[in-house]
Every structure is written in structure tokens, then in C-alpha cells.
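Trainee: Following this message is one structure expressed as C-alpha cells.
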Amino acid sequence: MNLRQDIRNIAIIAHVDHGKTTLVDKLLQQSGTFRSNEHVDERAMDSNDIERERGITILAKNTAINYNGTRINIMDTPGHADFGGEVERIMKMVDGVLLVVDAYEGCMPQTRFVLKKALEQKLTPIVVVNKIDRDFARPEEVVDEVLDLFIELGADEEQLEFPVVYASAINGTASLNPHAQDEDMKSLFEAVIEHIPAPVDNREEPLQFQVALLDYNDYVGRIGIGRVFRGTMKVGQQVALMKLDGTVKQFRVTKIFGFIGLKRVEIQEAYAGDLVAVSGMEEINVGETVCPIEHQEALPVLRIDEPTLQMTFLVNNSPFAGREGKWITSRKLEERLRQQLQTDVSLRVDNTESPDAWIVSGRGELHLSILIENMRREGYELQVSKPEVIIREIDGVKCEPVERVQIDVPEEHTGAIIESLGSRKGEMLDMVNNGNGQVRMEFLIPSRGLIGYTTDFMTLTRGFGIINHSFDSYKPVIHGQVGGRRQGVLVSIETGKATAYSIQALEDRGVIFIEPGTEVYEGMIVGEHTRENDLSVNIVRAKHATNVRSATKDSTVTIKKPRTMSLEQSLEYLNDDEYCEVTPQSIRLRKKILVTNEREKAAKKNKYVVAE
């Protein structure tokens with residue numbers, strides 16, 4: 001069996017913030033792939049603004065490095081379980097994985113999620129213990145933890161014999177010895193070439209190319225990124241596309257792109273083992289196979305993770321609609337959502353009875369909030385409803401998504417956390433006291449119990465806790481109230497500008513969300529009530545001017561700093577009768593029914609129905 005010794009295909013796995021992107025930057029710089037006069041951006045793999053701001057990888061990207069005549073294709077994988085659909089497909093394209101683990105923090109839940117997928121595909125792992133230069137680094141213990149995790153995830157004997165490279169990505173050094181670093185990353189490059197299997201060279205056989213990721217470009221339309229599993233593909237070749245529904249379409253390969261560094265380069269042909277991007281097909285989808293017309297043989301279809309959470313996206317109809325956005329009509333919104341479907345295979349968009357609303361389903365809060373954030377940056381205005389989990393029927397039983405949660409907190413906060421997760425129907429699986437004042441706990445909890453939990457969690461742990469969660473499975477629905485907001489809200493009854501005078505008068509009623517001078521409208525949420533019911537308030541009232549001088553005339557009004565909420569916090573905060581209005585400049589919370597007396601009538605009617 002011939003092997004292509006000139007190529008290696010690997011995926012890189014790491015938890016958020018364990019240094020994966022920095023590592024790839026340094027490998028690119030040291031491999032000689034860039035010319036000496038080319039500038040390499042820091043965090044070059046995270047190309048999208050949101051990825052750079054949040055320090056997370058959302059879209060899988062690929063880069064290629066030339067090292068001593070061997071091309072190493074590196075697929076970057078998202079660490080967050082909301083993007084799990086991408087991960088599974090990447091694992092099909094590669095022959096091995098680099099698992100990057102922090103030398104102090106050790107294994108984390110999101111690493112576990114991706115690693116499980118890699119081991120199931122029988123891929124060869126190399127473990128990179130990164131940040132070896134950190135204070136309190138504990139490389140030997142971390143390697144033991146990784147070994148335990150491999151055993152727990154069902155790794156076979158070969159996978160358990162993994163090589164370990166100790167690295168400091170920020171310094172661009174690596175070595176096989178935990179106590180001393182070499183001056184460069186040569187030992188990591190050599191570990192990849194020595195341990196990761198070379199792809200089989202069967203370029204003489206009939207072509208099989210499978211699409212694992214999609215891209216879109218206004219000039220050439222859809223682009224399918226995938227691996228040539230067998231044979232040779234050439235520009236200009238007439239091929240058959242085996243569709244997911246069983247039909248076959250013929251097309252001509254108009255362009256093939258290879259990867260080198262971070263660029264795509266046009267190439268004339270690709271062989272078995274190559275990772276390439278192909279254009280020329282209008283309607284290509286993930287999992288479809290390209291093969292010769294006379295030898296139609298499809299590869300097994302790739303599984304795509306189903307969505308677990310849905311929200312309603314609506315046209316903005318608030319009194320301030322159209323003031324800040326460029327795109328506000330239902331036609332523009334629908335076009336943008338349909339465009340997202342071109343590249344995001346884990347997303348679903350369904351029409352509703354109203355032409356101005358769509359149900360958008362995704363893999364989790366992060367997945368949907370990043371779509372909303374991208375849309376507002378592009379100039380769209382929209383409203384969204386509270387996120388809801390998708391209930392599925394499995395063998396006649398209604399089931400809901402359940403998440404595995406890992407929490408690291410200082411010892412003194414453990415009681416409060418156990419109690420708060422217990423009230424959200426969380427079930428404790430494990431609790432380990434590290435002896436350094438930190439406790440690590442693991443829970444299984446219904447996904448709806450986690451909606452809105454992050455804010456509570458930060459308050460309970462005074463900001464010292466770390467929480468990570470990833471989708472575990474579907475389990476029978478737990479009945480009763482799970483999570484949700486306890487407090488009522490302060491709702492404006494007037495339209496106008498908020499005044500310092502009225503904000504000061506309302507401070508003892510709750511926490512205010514806005515600053516003096518903010519424009520508000522009737523039905524807009526301006527704060528959180530101290531009690532469980534909603535309270536209608538006048539926040540635009542100005543102080544009456546009289547000609548009587550008061551003794552306290554010269555005292556300055558001092559008011560507390562308002563609570564500002566990010567997009568994620570706003571989405572988590574919503575109740576069933578509320579919307580979040582999102583525009584390029586503002587994020588406002590509002591009631592679905594804006595007019596005060598109509599809203600109160602509806603609430604009474606609701607209460608009456610429930611009581612019956």
C-alpha cells in the first residue's frame with residue numbers, strides 16, 4: 001500500500017484560552033512557510049472580529065505549513081460545543097489530532113467533547129502540554145489527567161500510547177522534556193511527521209471527494225471544502241455530485257484551491273490525501289460526494305448535529321424602529337438568514353404564520369447570539385424572543401437536551417452553587433477538592449436550567465468561579481419550573497428622555513439599567529424590580545421648577561451606576577412576555593405588549609386562566 005509521505009492532515013483541539021491559536025501562529029512563523037518580508041498577524045487563524053474579541057474559534061479554518069518538504073495541513077476546530085457540528089466533520093478529514101492542554105488547568109469539558117469525537121474516529125493523538133512556563137505548571141499531573149480522560153472516553157491501546165510534547169507557544173519553544181525547553185518548535189514538527197499516519201496514495205483509482213465544510217463567495221457562489229479520499233480531481237473535469245437525497249447532478253469543476261499558510265491558492269489538480277476547496281456547483285451541501293460520472297460511489301453521509309435551542313426573530317416594530325439600522329425590512333432580514341444557511345449547516349430557519357417572524361434554531365445560546373451580533377454589526381435591526389429548548393420525542397417519550405457542567409469555585413462558595421443548581425434540577429456527578437482552596441464539581445442539568453444562569457453564577461461566586469458546559473444527551477423532560485428569572489422588572493409608562501431626578505426617586509425600587517438622558521418609550525424595560533412583580537414607572541418626570549428657593553438647592557444629585565448588559569446577558573434575562581430589540585447601536589429590553597393598560601389587562605387574564 002503506497003503512502004503519501006509528503007503530506008500530513010491533523011486537527012488541533014484545545015479548550016478556550018489554552019493557547020491553540022498562538023501555537024498555530026508560531027508554527028506558521030517557524031516553518032518557513034511565510035517569506036521573511038511577509039507579516040503574520042497575531043492570532044492569524046481567528047479572522048473574524050468576534051473571534052478576536054472573545055478569544056474563541058467559531059468557524060473551522062484550515063492552514064497549511066511546509067516543513068522540510070512535508071506539507072502539514074492543520075484544521076482548526078471550534079472548542080465550544082455549540083459548534084460541535086463542525087467538529088465531527090473535521091474529524092473525518094484528518095488522520096490525527098494535536099490535543100493542546102494548559103499545563104496548569106489540565107483537561108476541561110470542551111476538550112472532552114472534541115476529543116471524544118476524535119477517539120471515536122480512531123485518529124492518532126499527540127498531546128501538547130502548553131504554557132509550560134506558567135507559574136504553578138504541573139505537567140506530570142496534567143499528563144496523568146489526560147491519560148485518565150482517554151481511558152474514560154474509551155481510547156484503544158494504540159491511542160493510549162500517545163507521545164507528549166511540552167511547549168510554550170507564546171515563546172515559540174517546545175521539547176520532549178518537561179523541565180527544559182529547546183530554542184524552537186522542531187520537536188513538535190518532528191513528532192507530527194513521525195507519529196501522524198501519512199494518507200494512502202490511491203490516486204490511480206476512481207475519484208472520491210467529500211464536502212465537510214461550506215464557504216460562500218459572491219463571485220463563485222458556494223465553495224465545498226473537503227478531502228480527496230481517493231483518485232485525482234482536475235480543473236475542467238466533468239463529475240457527478242451524489243446528493244444527500246439520492247439524486248445525482250453533473251457539473252464541471254471550475255476551480256480548485258489548495259491551502260498554503262493562510263491563503264487559498266488556485267491549483268490545477270488534487271490527489272488522494274489533499275484538503276482542497278472546490279467551486280462550480282451551485283447547490284453543494286455538506287456530506288455530499290463528488291465522483292466520476294462512470295463510477296458513482298458515495299461515501300457514508302456525515303452526521304450533522306441537530307439544533308437544541310430556538311428563538312423567534314422578528315422585524316423591529318418598536319417606536320424607535322429604523323432610527324439606527326440600515327436594513328430593517330422583513331425581506332432584508334429573511335435574505336440575511338437564508339444567506340447564513342449557505343455556510344452554517346447546524347442552523348435552521350422556519351417560517352411562521354406571520355411574514356415578519358421566523359423561528360431560528362441553533363446549537364445553543366452562543367451559536368444564536370453570535371449570529372445576532374454579526375447581524376447588528378452589518379447594520380440590521382431586529383427583535384428576538386426568549387431562547388427556548390427544543391423538545392424531541394424519542395421512543396414515544398418527550399425528551400429535552402441535558403448539559404454536562406463543570407464548575408471550578410473557591411471552597412467557600414460551594415454550598416451556594418450546589419443549592420442554586422439543585423433548584424434548577426441539576427444532578428451532581430462528582431466533586432473534587434484540589435487542596436488549594438479550589439473545588440471542582442461536575443453536574444448534569446437540563447439545558448433550560450442553564451438559560452440565564454451565568455449572571456447568577458457570577459454573583460454567587462463574586463466573579464471568582466469558572467463555569468463550562470457542553471451538550472451531553474437528550475433525557476426525559478423533568479416537570480416543573482426549571483430556572484428562569486425570579487425578579488419582576490421596572491417598565492416605563494412614558495416616552496421621552498430619562499431624568500436623573502426620576503432615576504434617583506426609583507433607586508429604592510430596584511436596579512436601574514439606563515443612564516439619565518437615555519431615550520425610552522412606553523413598554524421599555526428600564527430596570528429590575530426588588531420584588532417578583534412588574535412595576536410600571538415614570539422615568540422621564542422632571543423636577544418642577546418653582547420660584548421658592550429650597551435650603552438644599554446646591555446639593556448635587558448622585559445616582560448609582562446603572563447595570564449594563566451585554567447581548568448574551570440580555571437574551572438570558574428575557575421572560576416569555578418580553579423581546580430584546582437589537583440595533584447597530586443599542587440593545588433594549590421591552591415588553592411584547594407596549595401599552596401599559598393593555599399589558600396589565602392581558603396579565604390579569606393570564607392569571608385568571610392559570611388559576612382556573
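For the C-alpha cells, the naming scheme is as follows: chains receive sequential letters (A, B, ...) according to their order of presentation, residues are indexed from 1 within each chain, and ligands are indexed from 1 in presentation order.
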Going by DSSP on the backbone, which bits of region 186-384 of chain A are strand (DSSP E)? Write them as a PyMOL selection string, please.
Mentor: chain A and resi 208-217+221-230+232-234+238-242+248-252+255-260+263-267+269-271+275-279+289-292+309-314+348-351+357-362+382-384
Trainee: Please, could you write that set of residues out with C-alpha atoms as a short mmCIF file (atom, residue, chain, number, x, y, z; two decimals), in the first residue's frame?
Mentor:
```cif
data_model
loop_
_atom_site.label_atom_id
_atom_site.label_comp_id
_atom_site.auth_asym_id
_atom_site.auth_seq_id
_atom_site.Cartn_x
_atom_site.Cartn_y
_atom_site.Cartn_z
CA GLN A 208 -13.99 10.27 -4.27
CA PHE A 209 -14.10 13.77 -2.71
CA GLN A 210 -16.38 14.56 0.20
CA VAL A 211 -17.54 18.02 1.30
CA ALA A 212 -17.10 18.65 5.04
CA LEU A 213 -17.38 22.47 5.27
CA LEU A 214 -19.01 25.18 3.18
CA ASP A 215 -17.87 28.63 2.22
CA TYR A 216 -19.59 31.25 0.12
CA ASN A 217 -18.20 33.87 -2.17
CA GLY A 221 -21.03 31.05 -5.25
CA ARG A 222 -20.81 28.09 -2.93
CA ILE A 223 -17.42 26.54 -2.24
CA GLY A 224 -17.14 22.99 -0.90
CA ILE A 225 -14.13 22.32 1.33
CA GLY A 226 -13.21 18.70 1.88
CA ARG A 227 -10.76 15.88 1.37
CA VAL A 228 -9.90 13.84 -1.70
CA PHE A 229 -10.24 10.31 -0.27
CA ARG A 230 -9.35 8.54 -3.49
CA THR A 232 -7.41 12.60 -8.74
CA MET A 233 -9.50 15.72 -9.41
CA LYS A 234 -8.65 18.16 -12.21
CA GLN A 238 -16.96 16.63 -15.70
CA VAL A 239 -18.00 14.93 -12.46
CA ALA A 240 -21.10 13.62 -10.70
CA LEU A 241 -22.29 15.08 -7.39
CA MET A 242 -24.07 12.43 -5.29
CA VAL A 248 -27.13 12.81 -8.95
CA LYS A 249 -26.16 16.10 -10.59
CA GLN A 250 -23.42 16.57 -13.15
CA PHE A 251 -21.17 19.62 -13.18
CA ARG A 252 -17.77 20.84 -14.30
CA LYS A 255 -11.72 25.96 -9.79
CA ILE A 256 -9.72 24.02 -7.21
CA PHE A 257 -7.99 25.86 -4.37
CA GLY A 258 -5.21 24.44 -2.23
CA PHE A 259 -4.11 25.97 1.07
CA ILE A 260 -0.69 27.35 1.89
CA LYS A 263 -4.06 31.77 1.77
CA ARG A 264 -6.00 29.86 -0.83
CA VAL A 265 -4.03 29.22 -3.99
CA GLU A 266 -5.54 28.08 -7.28
CA ILE A 267 -4.22 24.66 -8.32
CA GLU A 269 -5.29 19.16 -9.80
CA ALA A 270 -5.58 17.48 -6.40
CA TYR A 271 -4.73 13.92 -5.36
CA LEU A 275 -7.52 19.00 1.55
CA VAL A 276 -8.94 21.40 -1.05
CA ALA A 277 -11.78 23.81 -1.81
CA VAL A 278 -13.82 23.28 -4.99
CA SER A 279 -16.19 25.62 -6.83
CA THR A 289 -19.66 13.05 -2.58
CA VAL A 290 -18.03 14.10 -5.87
CA CYS A 291 -17.05 11.16 -8.10
CA PRO A 292 -16.58 10.27 -11.80
CA LEU A 309 -32.36 25.76 21.11
CA GLN A 310 -34.73 28.04 19.21
CA MET A 311 -35.71 31.71 19.20
CA THR A 312 -38.16 33.81 17.24
CA PHE A 313 -36.53 36.55 15.13
CA LEU A 314 -38.91 39.40 14.26
CA ARG A 348 -32.50 26.00 10.78
CA VAL A 349 -34.81 28.84 9.71
CA ASP A 350 -38.57 28.14 9.63
CA ASN A 351 -41.33 30.47 8.52
CA ALA A 357 -41.26 36.48 12.10
CA TRP A 358 -39.08 33.35 11.73
CA ILE A 359 -38.18 30.58 14.12
CA VAL A 360 -34.39 30.21 14.13
CA SER A 361 -32.95 27.06 15.70
CA GLY A 362 -29.30 26.54 16.61
CA LEU A 382 -34.39 43.08 14.65
CA GLN A 383 -36.18 41.77 17.73
CA VAL A 384 -35.72 38.36 19.30
#
```
Trainee: Using only C-alpha atoms, which residues sit within 9 Å of region 522-532 of chain A once same-chain residues fewer than 4 positions away are excluded, as a PyMOL selection string?
Mentor: chain A and resi 319+486-496+508-514+536-537+539+562-563+588-596+599
Trainee: List as number ranges by chain the protein and nucleic acid residues near Leu188 (chain A), meaning an atom at most 8 Å away when only C-alpha atoms are counted, but skip any in the same chain fewer than 5 places from it.
Mentor: A: 165, 174-175
Trainee: Tell me, which residues of region 267-512 of chain A carry DSSP helix (DSSP H, G or I), written as a compact mmCIF listing (two decimals) with C-alpha atoms, in the first residue's frame?
Mentor:
```
# COMPACT_ATOMS: atom_id res chain seq x y z
CA SER A 330 -38.69 41.64 6.54
CA ARG A 331 -37.31 40.99 3.04
CA LYS A 332 -33.79 42.04 4.08
CA LEU A 333 -33.95 40.04 7.32
CA GLU A 334 -35.10 36.91 5.55
CA GLU A 335 -32.40 37.29 2.87
CA ARG A 336 -29.73 37.57 5.59
CA LEU A 337 -31.00 34.49 7.47
CA ARG A 338 -31.13 32.47 4.22
CA GLN A 339 -27.60 33.62 3.43
CA GLN A 340 -26.42 32.28 6.81
CA LEU A 341 -27.86 28.89 5.87
CA GLN A 342 -25.45 28.77 2.89
CA THR A 343 -22.50 28.17 5.23
CA GLU A 365 -27.16 30.38 23.11
CA LEU A 366 -23.66 31.19 21.89
CA HIS A 367 -24.42 29.94 18.36
CA LEU A 368 -27.51 32.17 18.07
CA SER A 369 -26.10 35.21 19.89
CA ILE A 370 -23.09 35.28 17.54
CA LEU A 371 -25.44 35.30 14.54
CA ILE A 372 -27.39 38.22 16.12
CA GLU A 373 -24.16 40.08 16.95
CA ASN A 374 -22.91 39.67 13.35
CA MET A 375 -26.24 40.94 12.01
CA ARG A 376 -26.26 44.08 14.16
CA ARG A 377 -22.67 44.86 13.12
CA GLU A 411 -14.29 26.45 48.64
CA GLU A 412 -16.46 29.00 50.47
CA HIS A 413 -18.91 29.24 47.55
CA THR A 414 -19.60 25.51 47.08
CA GLY A 415 -22.76 25.45 49.25
CA ALA A 416 -24.38 28.33 47.37
CA ILE A 417 -23.57 26.76 43.98
CA ILE A 418 -24.89 23.30 44.93
CA GLU A 419 -28.11 24.91 46.20
CA SER A 420 -28.55 27.11 43.11
CA LEU A 421 -28.03 24.22 40.68
CA GLY A 422 -30.25 21.95 42.79
CA SER A 423 -33.11 24.43 42.37
CA SER A 447 -30.30 22.98 29.16
CA ARG A 448 -33.26 25.20 30.09
CA GLY A 449 -31.93 25.31 33.66
CA LEU A 450 -28.77 26.95 32.33
CA TYR A 453 -27.65 31.04 34.96
CA THR A 454 -24.32 32.71 34.12
CA THR A 455 -25.29 36.06 35.70
CA ASP A 456 -26.46 34.33 38.91
CA PHE A 457 -23.30 32.25 38.94
CA MET A 458 -21.02 35.29 38.72
CA THR A 459 -22.92 36.97 41.56
CA LEU A 460 -22.82 33.87 43.77
CA ALA A 500 -31.63 61.96 36.94
CA TYR A 501 -34.43 63.24 39.19
CA SER A 502 -36.79 60.34 38.47
CA ILE A 503 -33.97 57.73 38.42
CA GLN A 504 -32.95 58.87 41.92
CA ALA A 505 -36.53 58.57 43.13
CA LEU A 506 -36.77 54.98 41.75
CA GLU A 507 -33.46 53.66 43.11
CA ASP A 508 -35.02 52.10 46.21
CA ARG A 509 -37.47 50.18 43.96
```
Trainee: Enter the distance from CA of Ile126 (chain A) to CA of Ile7 (chain A), in Å, rounded to one decimal.
Mentor: 16.8 Å
Trainee: Give me the residues near region 148-150 of chain A as an NGL selection string, where near means some atom within 10 Å (using only C-alpha atoms) and where sequence neighbours in that chain fewer than 6 positions away do not count.
Mentor: :A and (107 or 112 or 115-116 or 119 or 142 or 156 or 159-160 or 162)
